[in-house]
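Reproduced below: start.csv, with CSV, C-alpha atoms.
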chain,number,residue,atom,x,y,z
B,677,MET,CA,0.0,0.0,0.0
B,678,PRO,CA,1.4,3.4,-0.9
B,679,LYS,CA,2.4,5.5,2.0
B,680,PRO,CA,0.1,8.5,1.2
B,681,LEU,CA,-2.9,6.1,1.3
B,682,LYS,CA,-1.8,4.6,4.6
B,683,PHE,CA,-1.6,8.1,6.1
B,684,ALA,CA,-4.9,9.1,4.7
B,685,ILE,CA,-6.6,6.0,6.2
B,686,CYS,CA,-5.0,6.6,9.6
B,687,ALA,CA,-6.1,10.2,9.5
B,688,ALA,CA,-9.6,9.3,8.6
B,689,VAL,CA,-9.8,6.7,11.4
B,690,LEU,CA,-8.4,9.1,14.0
B,691,LEU,CA,-10.9,11.8,12.8
B,692,LEU,CA,-13.8,9.4,13.2
B,693,LEU,CA,-12.7,8.3,16.7
B,694,GLY,CA,-12.3,11.9,17.6
B,695,VAL,CA,-15.8,12.9,16.4
B,696,SER,CA,-17.4,9.9,18.0
B,697,ALA,CA,-15.7,10.5,21.4
B,698,GLN,CA,-16.7,14.1,21.3
B,699,GLY,CA,-20.3,13.2,20.7
B,700,THR,CA,-20.5,10.7,23.6
B,701,ALA,CA,-18.7,12.7,26.1
B,702,ALA,CA,-20.1,16.1,25.5
B,703,ASN,CA,-23.9,15.5,25.8
B,704,TRP,CA,-25.4,15.5,29.2
B,705,ARG,CA,-28.0,13.0,30.5
B,706,ALA,CA,-30.2,13.1,33.6
B,707,GLU,CA,-32.2,10.2,34.8
B,708,SER,CA,-34.9,9.7,37.3
B,709,THR,CA,-37.0,6.7,38.4
B,710,VAL,CA,-40.4,6.7,39.9
B,711,ASP,CA,-41.6,3.5,41.5
B,712,PRO,CA,-45.3,3.8,42.7
B,713,PRO,CA,-46.3,1.5,45.6
B,714,ALA,CA,-48.1,-1.7,44.9
B,715,LEU,CA,-51.9,-1.9,44.8
B,716,THR,CA,-54.0,-4.7,46.3
B,717,SER,CA,-57.4,-5.8,45.2
B,718,GLY,CA,-60.1,-6.4,47.8
B,719,SER,CA,-62.4,-9.3,48.4
B,720,LEU,CA,-66.1,-10.1,48.8
B,721,ALA,CA,-67.3,-12.8,51.2
B,722,LEU,CA,-70.7,-13.5,52.7
B,723,LEU,CA,-71.0,-15.9,55.5
B,724,ALA,CA,-74.1,-17.5,57.1
B,725,GLY,CA,-73.6,-18.8,60.6
B,726,GLY,CA,-69.9,-18.0,60.2
B,727,GLU,CA,-69.4,-20.3,57.3
B,728,ALA,CA,-69.7,-20.2,53.5
B,729,LYS,CA,-71.8,-23.4,53.6
B,730,TYR,CA,-73.5,-23.6,57.0
B,731,GLN,CA,-75.5,-26.5,58.2
B,732,PHE,CA,-78.4,-24.8,60.0
B,733,LEU,CA,-79.1,-27.6,62.5
B,734,GLU,CA,-80.9,-25.3,64.9
B,735,LEU,CA,-83.8,-25.0,62.5
B,736,ALA,CA,-84.3,-28.7,62.4
B,737,GLY,CA,-87.8,-29.7,63.6
B,738,SER,CA,-89.4,-33.1,63.9
B,739,GLU,CA,-93.0,-34.1,64.3
B,740,LEU,CA,-94.3,-30.8,63.1
B,741,ILE,CA,-98.0,-30.7,62.9
B,742,PRO,CA,-100.3,-28.3,61.2
B,743,GLY,CA,-100.2,-25.0,63.1
B,744,SER,CA,-96.7,-25.6,64.6
B,745,PHE,CA,-93.4,-24.1,63.6
B,746,THR,CA,-89.6,-24.2,64.2
B,747,GLN,CA,-87.5,-21.1,64.3
B,748,ALA,CA,-83.8,-20.2,65.0
B,749,PRO,CA,-81.5,-17.2,64.7
B,750,LEU,CA,-79.1,-17.1,61.8
B,751,GLN,CA,-76.1,-14.8,61.7
B,752,ILE,CA,-75.2,-13.3,58.3
B,753,SER,CA,-71.7,-11.6,58.1
B,754,ASN,CA,-69.7,-9.6,55.7
B,755,ALA,CA,-66.2,-11.3,55.7
B,756,GLY,CA,-64.7,-9.3,52.9
B,757,THR,CA,-63.1,-5.9,52.5
B,758,VAL,CA,-65.9,-4.2,50.5
B,759,ASP,CA,-69.4,-3.2,51.4
B,760,LEU,CA,-72.0,-5.7,50.1
B,761,SER,CA,-75.7,-6.1,49.7
B,762,TYR,CA,-77.2,-9.5,50.0
B,763,GLN,CA,-80.4,-11.2,49.1
B,764,LEU,CA,-82.2,-14.4,49.8
B,765,ASN,CA,-81.8,-16.2,46.5
B,766,GLY,CA,-84.2,-19.1,46.9
B,767,ALA,CA,-85.5,-21.4,49.6
B,768,VAL,CA,-85.9,-24.9,48.2
B,769,ASN,CA,-86.2,-28.5,49.2
B,770,SER,CA,-82.8,-29.9,48.4
B,771,ALA,CA,-83.8,-33.6,48.9
B,772,ALA,CA,-82.5,-35.6,46.0
B,773,SER,CA,-85.6,-37.7,45.4
B,774,PRO,CA,-88.5,-36.4,47.4
B,775,SER,CA,-91.6,-38.6,47.9
B,776,SER,CA,-95.0,-37.3,47.2
B,777,ALA,CA,-95.5,-36.6,50.9
B,778,ASP,CA,-92.2,-34.7,50.9
B,779,GLN,CA,-93.3,-32.6,47.9
B,780,ALA,CA,-96.7,-32.0,49.5
B,781,LEU,CA,-95.0,-30.8,52.7
B,782,ALA,CA,-92.6,-28.6,50.8
B,783,GLY,CA,-95.5,-27.0,49.0
B,784,ALA,CA,-97.3,-26.4,52.3
B,785,LEU,CA,-94.5,-25.0,54.4
B,786,ARG,CA,-94.3,-21.3,55.0
B,787,LEU,CA,-91.0,-19.5,55.5
B,788,SER,CA,-90.7,-16.3,57.5
B,789,VAL,CA,-87.5,-14.3,57.8
B,790,TYR,CA,-87.2,-11.3,60.1
B,791,ALA,CA,-84.3,-8.9,60.9
B,792,GLY,CA,-83.7,-7.0,64.1
B,793,MET,CA,-85.1,-9.6,66.4
B,794,ASP,CA,-83.2,-10.5,69.5
B,795,PRO,CA,-81.5,-13.9,68.8
B,796,ALA,CA,-82.3,-15.2,72.3
B,797,ALA,CA,-86.0,-14.4,71.8
B,798,CYS,CA,-85.9,-16.1,68.4
B,799,GLU,CA,-84.3,-19.1,69.9
B,800,ALA,CA,-86.9,-19.2,72.6
B,801,ASP,CA,-89.7,-19.3,69.9
B,802,GLN,CA,-91.0,-15.9,70.8
B,803,PRO,CA,-93.3,-14.2,68.3
B,804,LEU,CA,-91.6,-12.8,65.3
B,805,ALA,CA,-90.6,-9.1,65.7
B,806,GLY,CA,-88.6,-6.6,63.8
B,807,GLU,CA,-88.5,-6.1,60.1
B,808,ALA,CA,-90.2,-8.7,58.0
B,809,LEU,CA,-87.9,-9.6,55.1
B,810,TYR,CA,-89.8,-12.5,53.7
B,811,ALA,CA,-93.0,-14.3,54.4
B,812,GLY,CA,-94.2,-16.9,51.9
B,813,PRO,CA,-93.9,-20.3,50.4
B,814,LEU,CA,-90.7,-22.1,49.6
B,815,GLY,CA,-89.3,-21.8,46.1
B,816,SER,CA,-86.4,-20.7,44.0
B,817,ALA,CA,-88.0,-17.3,43.6
B,818,ALA,CA,-88.1,-16.6,47.3
B,819,SER,CA,-86.3,-13.3,48.0
B,820,PHE,CA,-86.4,-10.3,50.3
B,821,ALA,CA,-88.4,-7.3,49.3
B,822,SER,CA,-85.2,-5.4,49.2
B,823,ALA,CA,-81.5,-6.3,49.5
B,824,ARG,CA,-79.8,-6.0,52.9
B,825,VAL,CA,-76.6,-4.0,53.3
B,826,LEU,CA,-73.6,-5.0,55.3
B,827,GLY,CA,-70.7,-2.6,55.4
B,828,ALA,CA,-67.0,-3.4,55.6
B,829,GLU,CA,-65.6,-0.3,57.3
B,830,PRO,CA,-64.5,0.4,59.9
B,831,VAL,CA,-65.3,-3.2,60.9
B,832,PRO,CA,-67.1,-5.8,58.8
B,833,GLU,CA,-70.8,-5.8,59.8
B,834,SER,CA,-73.1,-8.7,60.5
B,835,GLU,CA,-76.8,-9.1,61.4
B,836,SER,CA,-78.9,-11.7,63.0
B,837,LEU,CA,-82.0,-13.0,61.2
B,838,CYS,CA,-84.8,-15.0,62.7
B,839,VAL,CA,-85.9,-17.8,60.4
B,840,ARG,CA,-89.1,-19.6,60.9
B,841,VAL,CA,-90.6,-22.5,59.1
B,842,SER,CA,-94.2,-23.3,59.8
B,843,VAL,CA,-96.8,-25.8,58.8
B,844,PRO,CA,-100.0,-24.0,58.2
B,845,SER,CA,-103.0,-25.2,60.1
B,846,GLY,CA,-104.8,-26.0,56.8
B,847,ALA,CA,-102.0,-28.1,55.4
B,848,ALA,CA,-103.2,-31.0,53.3
B,849,GLN,CA,-103.3,-34.5,54.7
B,850,SER,CA,-101.0,-35.6,51.9
B,851,ALA,CA,-98.2,-33.7,53.6
B,852,ALA,CA,-98.3,-36.0,56.6
B,853,GLY,CA,-95.1,-37.9,57.1
B,854,GLY,CA,-93.3,-35.7,54.6
B,855,ARG,CA,-89.7,-34.6,55.0
B,856,VAL,CA,-88.1,-31.4,53.7
B,857,GLU,CA,-84.4,-30.6,53.5
B,858,LEU,CA,-84.6,-26.9,53.4
B,859,ALA,CA,-81.7,-25.1,51.6
B,860,LEU,CA,-81.6,-21.3,52.0
B,861,LYS,CA,-79.4,-19.6,49.5
B,862,PHE,CA,-78.0,-16.1,50.0
B,863,ALA,CA,-76.2,-14.1,47.4
B,864,GLY,CA,-73.9,-11.2,48.2
B,865,GLN,CA,-73.1,-8.4,45.7
B,866,GLN,CA,-70.4,-5.7,45.9
B,867,ARG,CA,-71.9,-2.3,46.4
T,318,MET,CA,42.6,19.7,26.7
T,319,LYS,CA,44.9,22.1,24.8
T,320,LYS,CA,45.3,25.6,26.2
T,321,VAL,CA,44.1,27.1,22.9
T,322,THR,CA,40.9,25.2,23.1
T,323,LYS,CA,40.3,26.2,26.7
T,324,ALA,CA,40.9,29.8,25.9
T,325,THR,CA,38.5,29.6,23.0
T,326,ILE,CA,35.7,28.1,25.1
T,327,ALA,CA,36.3,30.7,27.8
T,328,ALA,CA,36.1,33.5,25.3
T,329,VAL,CA,32.9,32.2,23.7
T,330,ALA,CA,31.3,31.8,27.2
T,331,ALA,CA,32.2,35.3,28.2
T,332,GLY,CA,30.9,36.7,25.0
T,333,ALA,CA,27.6,34.9,25.4
T,334,LEU,CA,27.2,36.2,29.0
T,335,LEU,CA,28.0,39.7,27.8
T,336,LEU,CA,25.5,39.6,25.0
T,337,GLY,CA,22.8,38.2,27.3
T,338,GLY,CA,23.4,40.8,29.8
T,339,ALA,CA,23.3,43.5,27.2
T,340,GLY,CA,20.0,42.3,25.9
T,341,THR,CA,18.2,42.2,29.3
T,342,VAL,CA,19.3,45.6,30.2
T,343,ALA,CA,19.1,47.4,27.0
T,344,ARG,CA,15.5,46.5,25.6
T,345,TRP,CA,12.2,47.9,26.8
T,346,GLN,CA,9.4,45.7,27.9
T,347,ALA,CA,5.8,46.5,28.9
T,348,GLN,CA,3.2,44.1,30.4
T,349,GLN,CA,-0.5,44.3,31.0
T,350,THR,CA,-3.0,41.8,32.5
T,351,ILE,CA,-6.4,41.4,31.0
T,352,ASP,CA,-9.1,39.9,33.2
T,353,ALA,CA,-11.3,37.8,30.8
T,354,GLY,CA,-13.7,36.9,33.6
T,355,THR,CA,-14.8,33.4,34.5
T,356,VAL,CA,-16.5,30.8,32.3
T,357,GLU,CA,-19.2,28.6,33.8
T,358,THR,CA,-20.9,25.5,32.5
T,359,GLY,CA,-24.6,25.2,32.5
T,360,HIS,CA,-26.6,22.3,33.8
T,361,LEU,CA,-29.3,19.8,32.9
T,362,ASN,CA,-31.3,18.6,35.9
T,363,LEU,CA,-34.3,16.3,36.1
T,364,THR,CA,-36.2,16.0,39.4
T,365,THR,CA,-39.5,14.6,40.5
T,366,GLY,CA,-41.3,16.2,43.4
T,367,GLY,CA,-42.5,14.3,46.4
T,368,ALA,CA,-43.9,10.8,46.6
T,369,GLY,CA,-46.7,11.4,44.1
T,370,VAL,CA,-50.4,11.6,44.7
T,371,TRP,CA,-52.9,8.7,44.6
T,372,GLN,CA,-56.5,9.5,43.9
T,373,ASP,CA,-59.7,7.5,43.6
T,374,ILE,CA,-61.2,8.9,40.4
T,375,SER,CA,-64.0,6.3,40.0
T,376,ASN,CA,-66.3,9.3,40.1
T,377,PRO,CA,-64.4,11.8,37.9
T,378,GLU,CA,-66.6,14.6,39.2
T,379,ALA,CA,-65.6,14.0,42.8
T,380,PRO,CA,-62.1,12.5,43.2
T,381,GLU,CA,-61.2,11.2,46.6
T,382,PRO,CA,-57.8,10.5,48.2
T,383,PHE,CA,-56.7,6.9,47.9
T,384,ASP,CA,-54.2,5.2,50.1
T,385,PRO,CA,-52.8,2.0,48.5
T,386,ALA,CA,-51.3,0.9,51.9
T,387,THR,CA,-54.7,0.6,53.5
T,388,GLN,CA,-57.3,0.5,50.7
T,389,GLN,CA,-58.0,-2.1,48.1
T,390,LEU,CA,-59.3,-2.1,44.6
T,391,VAL,CA,-62.6,-3.6,43.7
T,392,PRO,CA,-64.4,-3.9,40.3
T,393,GLY,CA,-65.5,-0.6,39.0
T,394,ASP,CA,-62.6,1.3,40.7
T,395,VAL,CA,-60.4,3.7,38.8
T,396,VAL,CA,-57.4,5.1,40.7
T,397,SER,CA,-54.6,7.3,39.5
T,398,PHE,CA,-51.0,8.1,40.5
T,399,SER,CA,-49.8,11.6,39.5
T,400,GLN,CA,-46.4,13.2,39.7
T,401,THR,CA,-44.6,16.0,38.0
T,402,ALA,CA,-41.1,15.9,36.6
T,403,THR,CA,-39.2,19.2,36.5
T,404,ILE,CA,-36.6,19.9,33.9
T,405,ASP,CA,-34.0,22.6,34.8
T,406,ALA,CA,-31.9,23.4,31.8
T,407,GLU,CA,-29.3,26.2,31.8
T,408,GLY,CA,-26.8,26.9,29.1
T,409,LYS,CA,-26.7,29.1,26.0
T,410,ASN,CA,-27.3,26.4,23.5
T,411,ILE,CA,-29.0,23.9,25.7
T,412,ALA,CA,-31.8,21.8,24.3
T,413,GLY,CA,-33.1,18.4,25.4
T,414,SER,CA,-35.2,15.4,24.9
T,415,LEU,CA,-37.2,13.7,27.7
T,416,SER,CA,-38.4,10.2,27.3
T,417,VAL,CA,-40.7,8.4,29.8
T,418,ASP,CA,-40.9,4.7,29.7
T,419,GLN,CA,-42.7,2.1,31.7
T,420,LEU,CA,-42.5,-1.6,31.3
T,421,ASP,CA,-45.7,-3.5,31.0
T,422,THR,CA,-47.0,-4.4,34.5
T,423,ALA,CA,-47.5,-8.1,35.1
T,424,LEU,CA,-51.2,-8.4,36.0
T,425,GLY,CA,-51.3,-12.0,37.0
T,426,ALA,CA,-54.8,-13.1,38.1
T,427,LEU,CA,-56.1,-9.6,37.3
T,428,GLU,CA,-55.3,-10.0,33.6
T,429,GLY,CA,-58.4,-9.2,31.6
T,430,TYR,CA,-59.9,-7.3,34.4
T,431,VAL,CA,-57.4,-4.5,35.2
T,432,THR,CA,-55.6,-2.2,32.8
T,433,VAL,CA,-52.7,0.2,33.4
T,434,ALA,CA,-52.2,3.3,31.3
T,435,LEU,CA,-49.5,6.0,31.3
T,436,GLN,CA,-50.2,9.5,30.2
T,437,VAL,CA,-47.7,12.3,29.9
T,438,ASP,CA,-48.8,15.9,29.7
T,439,ALA,CA,-46.8,17.7,27.1
T,440,SER,CA,-48.9,20.9,27.2
T,441,ALA,CA,-46.4,23.0,29.2
T,442,PRO,CA,-45.2,26.1,27.2
T,443,GLY,CA,-41.9,25.4,25.4
T,444,ILE,CA,-42.4,21.6,25.3
T,445,THR,CA,-43.1,19.8,22.1
T,446,GLU,CA,-44.2,16.2,21.8
T,447,GLU,CA,-42.4,14.4,19.0
T,448,THR,CA,-43.9,11.7,16.9
T,449,ASP,CA,-41.8,9.1,18.7
T,450,GLY,CA,-43.3,10.1,22.0
T,451,THR,CA,-40.3,12.0,23.4
T,452,LEU,CA,-40.7,15.5,24.7
T,453,THR,CA,-38.3,18.2,23.5
T,454,PHE,CA,-37.4,21.7,24.4
T,455,ALA,CA,-35.2,24.1,22.5
T,456,GLU,CA,-34.3,26.8,25.0
T,457,PRO,CA,-32.9,27.1,28.5
T,458,GLY,CA,-35.5,27.2,31.2
T,459,THR,CA,-37.5,25.3,33.7
T,460,TYR,CA,-40.2,23.0,32.4
T,461,SER,CA,-42.8,21.0,34.3
T,462,VAL,CA,-44.0,17.7,32.8
T,463,PRO,CA,-46.9,16.1,34.7
T,464,PHE,CA,-47.5,12.4,34.2
T,465,LEU,CA,-50.4,10.2,35.2
T,466,ILE,CA,-50.6,6.4,35.7
T,467,THR,CA,-54.2,5.2,35.7
T,468,VAL,CA,-55.3,1.8,37.0
T,469,THR,CA,-58.8,0.7,36.0
T,470,PHE,CA,-60.5,-2.4,37.5
T,471,ALA,CA,-63.3,-3.0,35.0
T,472,GLU,CA,-66.9,-3.2,36.4
T,473,GLY,CA,-68.3,-6.4,35.1
T,474,ALA,CA,-71.8,-7.7,35.1
T,475,VAL,CA,-73.3,-9.1,38.3
T,476,GLY,CA,-71.2,-12.2,39.3
T,477,ASP,CA,-69.0,-11.6,36.4
T,478,THR,CA,-65.7,-11.0,38.2
T,479,PRO,CA,-64.4,-14.3,39.7
T,480,PRO,CA,-63.1,-14.7,43.3
T,481,SER,CA,-59.6,-15.4,41.7
T,482,THR,CA,-59.3,-11.6,41.5
T,483,TYR,CA,-59.6,-11.3,45.3
T,484,ASP,CA,-56.6,-10.1,47.4
T,485,GLN,CA,-54.3,-9.8,44.5
T,486,VAL,CA,-51.2,-7.6,44.6
T,487,LEU,CA,-50.6,-5.3,41.6
T,488,ASP,CA,-47.0,-4.1,41.6
T,489,LEU,CA,-46.7,-1.3,39.1
T,490,GLU,CA,-43.5,-1.2,37.1
T,491,ALA,CA,-41.2,1.7,37.8
T,492,LEU,CA,-41.2,4.7,35.5
T,493,THR,CA,-37.9,5.6,34.0
T,494,LEU,CA,-37.5,9.2,32.9
T,495,THR,CA,-34.5,10.0,30.8
T,496,LEU,CA,-33.4,13.5,29.9
T,497,ASP,CA,-30.8,13.9,27.2
T,498,GLN,CA,-29.1,17.0,26.0
T,499,VAL,CA,-29.4,17.4,22.2
T,500,ARG,CA,-27.7,19.8,19.8
T,501,ALA,CA,-30.1,21.5,17.4
Translate this structure into structure tokens?
Amino acid sequence: MPKPLKFAICAAVLLLLGVSAQGTAANWRAESTVDPPALTSGSLALLAGGEAKYQFLELAGSELIPGSFTQAPLQISNAGTVDLSYQLNGAVNSAASPSSADQALAGALRLSVYAGMDPAACEADQPLAGEALYAGPLGSAASFASARVLGAEPVPESESLCVRVSVPSGAAQSAAGGRVELALKFAGQQR
Amino acid sequence: MKKVTKATIAAVAAGALLLGGAGTVARWQAQQTIDAGTVETGHLNLTTGGAGVWQDISNPEAPEPFDPATQQLVPGDVVSFSQTATIDAEGKNIAGSLSVDQLDTALGALEGYVTVALQVDASAPGITEETDGTLTFAEPGTYSVPFLITVTFAEGAVGDTPPSTYDQVLDLEALTLTLDQVRA
């Protein structure tokens, strides 16, 4: 390679290096980082008798006759972090294969649900008092006239309901000997 | 060394000294100091003020404070995190470019229910939003650039949002703000 060419190449390389180095070193840069704190989602939980699936043994009644009833208090609680409203979402006979007597009895039974009654009075079979939430037959359409509200703040709220199941005095003879496995379903909804 | 050589060296040295001495004494000299002042460099600073502000803007007409340490998101909530970046640029030919980047936040179980959006306000006087999303300024000055992160938890239909979305932690990715000097 001729010497002039070598010199020219070297000069060009040095010039490029010089220009590049100048560009990198001369410009300023400032950086900042912003790290927002983490967020957490809440939860929604409705409990009956302190459980998600509660076996309401206190309501069990045997040898009920027309004109008699069984009743017991039931605690409904908000166990989540958000205010909720809840509703009775059906009261049905959950027996797998009910007999005709069972079906007749289920059709005859009357359900009453009251709020604001003293649990002890409810347990002692005192007359129903407070706010009537439901009074009518069993069925999947059974629901309160209006949804009940349980807040989450400052502490999760709960309330006691008094649930009564009665055999009307005019119940048909076909209901005699019947058996009903009553399932009350409550549904909570975020407010 | 020969005597003649020694004598020659001595004569040359004496002559040089004589000539030097004559020059110092005989020529005029004047001096003056000129104070050219000092030269300072400018600066390019980027700061973000405070810890930012969280707000519950679920109802845009009536925003409320939101504390992520004690409050939780539920379906239908919209919360925002706002903060302002301040550019302080000084220097005759200073100009700059600000880029704001945020990695996609991992939503986990909230995927499909929660969205995260970043919005940078480029409306400050002197700020121009380029097509690539960077913000530029062409003159020295102080510029404020507010930015907003919005987290939206979609409000589904009744019973539409599954319990798997309960008690989930959403760790928003950090924002990186980079301010580069540019030459016009």
task: Select residues of chain T: the criterion is any atom within 7 Å of an atom of chain B, counting only C-alpha atoms; output as a PyMOL selection string.
output: chain T and resi 361-364+385+389-391+483-499
message: Excluding segment 453-469 of chain T and its own-chain neighbours fewer than 6 positions away, which residues fall within 6 Å of it when counting all atoms listed in the file? Please give them as a PyMOL selection string.
response: chain T and resi 395-407+411-414+431-438+443-445
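For the choices T:Thr448, T:Trp371, T:Thr322, T:Ala439, the atom-to-atom distance to Gln388 of chain T is smallest for T:Trp371 when using all atoms listed in the file.
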message: Residues near Gly725 of chain B, anyone? I mean within 10 Å using only C-alpha atoms, not counting same-chain ones fewer than 5 positions away, as a PyMOL selection string.
response: chain B and resi 730-732+749-753+836
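Here atom CA of Thr746 of chain B stands at a distance of 18.8 Å from atom CA of Gly766 of chain B.
You can rank B:Asp794, B:Asp778, B:Glu799, B:Glu829 by their closest distance to Arg855 of chain B using all atoms listed in the file, and at the top of that list sits B:Asp778.
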- prompt: Which value, in Å to one decimal, gives the distance between atom CA of Asp759 of chain B and atom CA of Glu807 of chain B?
  reply: 21.2 Å
task: Considering only C-alpha atoms, return as a list in words whatever protein or nucleic-acid residues lie within 12 Å of Ile741 of chain B, sequence-local ones (same chain, fewer than 4 positions apart) excluded.
output: Gly737, Phe745, Thr746, Leu781, Ala784, Leu785, Val841, Ser842, Val843, Pro844, Ser845, Gly846, Ala847, Ala848, Gln849, Ala851, Ala852, Gly853 and Gly854 of chain B
- request: Quick one: pull the distance between atom CA of Ser761 of chain B and atom CA of Ser834 of chain B, Å, one decimal.
  value: 11.4 Å
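For the point (-66.6, 1.0, 41.3), the residues with an atom at a distance of at most 8 Å are Ser375, Val391, Pro392, Gly393, Asp394, Val395, Phe470 and Glu472 of chain T, counting all atoms listed in the file.
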- request: Would you kindly return, as an MDAnalysis selection string, each protein, DNA or RNA residue with an atom no farther than 12 Å from any atom of Leu809 of chain B, considering all atoms listed in the file and excluding same-chain residues fewer than 3 positions away?
  value: chainID B and resid 762:764 787:793 804:806 812 818:824 837:840
Same residues, C-alpha atoms, saved as a PDB file, in the coordinates of the input:
ATOM      1  CA  TYR B 762     -77.200  -9.500  50.000  1.00  0.00           C
ATOM      2  CA  GLN B 763     -80.400 -11.200  49.100  1.00  0.00           C
ATOM      3  CA  LEU B 764     -82.200 -14.400  49.800  1.00  0.00           C
ATOM      4  CA  LEU B 787     -91.000 -19.500  55.500  1.00  0.00           C
ATOM      5  CA  SER B 788     -90.700 -16.300  57.500  1.00  0.00           C
ATOM      6  CA  VAL B 789     -87.500 -14.300  57.800  1.00  0.00           C
ATOM      7  CA  TYR B 790     -87.200 -11.300  60.100  1.00  0.00           C
ATOM      8  CA  ALA B 791     -84.300  -8.900  60.900  1.00  0.00           C
ATOM      9  CA  GLY B 792     -83.700  -7.000  64.100  1.00  0.00           C
ATOM     10  CA  MET B 793     -85.100  -9.600  66.400  1.00  0.00           C
ATOM     11  CA  LEU B 804     -91.600 -12.800  65.300  1.00  0.00           C
ATOM     12  CA  ALA B 805     -90.600  -9.100  65.700  1.00  0.00           C
ATOM     13  CA  GLY B 806     -88.600  -6.600  63.800  1.00  0.00           C
ATOM     14  CA  GLY B 812     -94.200 -16.900  51.900  1.00  0.00           C
ATOM     15  CA  ALA B 818     -88.100 -16.600  47.300  1.00  0.00           C
ATOM     16  CA  SER B 819     -86.300 -13.300  48.000  1.00  0.00           C
ATOM     17  CA  PHE B 820     -86.400 -10.300  50.300  1.00  0.00           C
ATOM     18  CA  ALA B 821     -88.400  -7.300  49.300  1.00  0.00           C
ATOM     19  CA  SER B 822     -85.200  -5.400  49.200  1.00  0.00           C
ATOM     20  CA  ALA B 823     -81.500  -6.300  49.500  1.00  0.00           C
ATOM     21  CA  ARG B 824     -79.800  -6.000  52.900  1.00  0.00           C
ATOM     22  CA  LEU B 837     -82.000 -13.000  61.200  1.00  0.00           C
ATOM     23  CA  CYS B 838     -84.800 -15.000  62.700  1.00  0.00           C
ATOM     24  CA  VAL B 839     -85.900 -17.800  60.400  1.00  0.00           C
ATOM     25  CA  ARG B 840     -89.100 -19.600  60.900  1.00  0.00           C
TER      26      ARG B 840
END
message: For a quick check of understanding, using all atoms listed in the file, which of T:Glu447, T:Asn410, T:Gly367, T:Gly429 has the smallest distance to Pro479 of chain T?
response: T:Gly429
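In terms of minimum interatomic distance to Glu734 of chain B, B:Ala800 ranks closest within B:Ala800, B:Leu826, B:Leu722, B:Val856, counting all atoms listed in the file.
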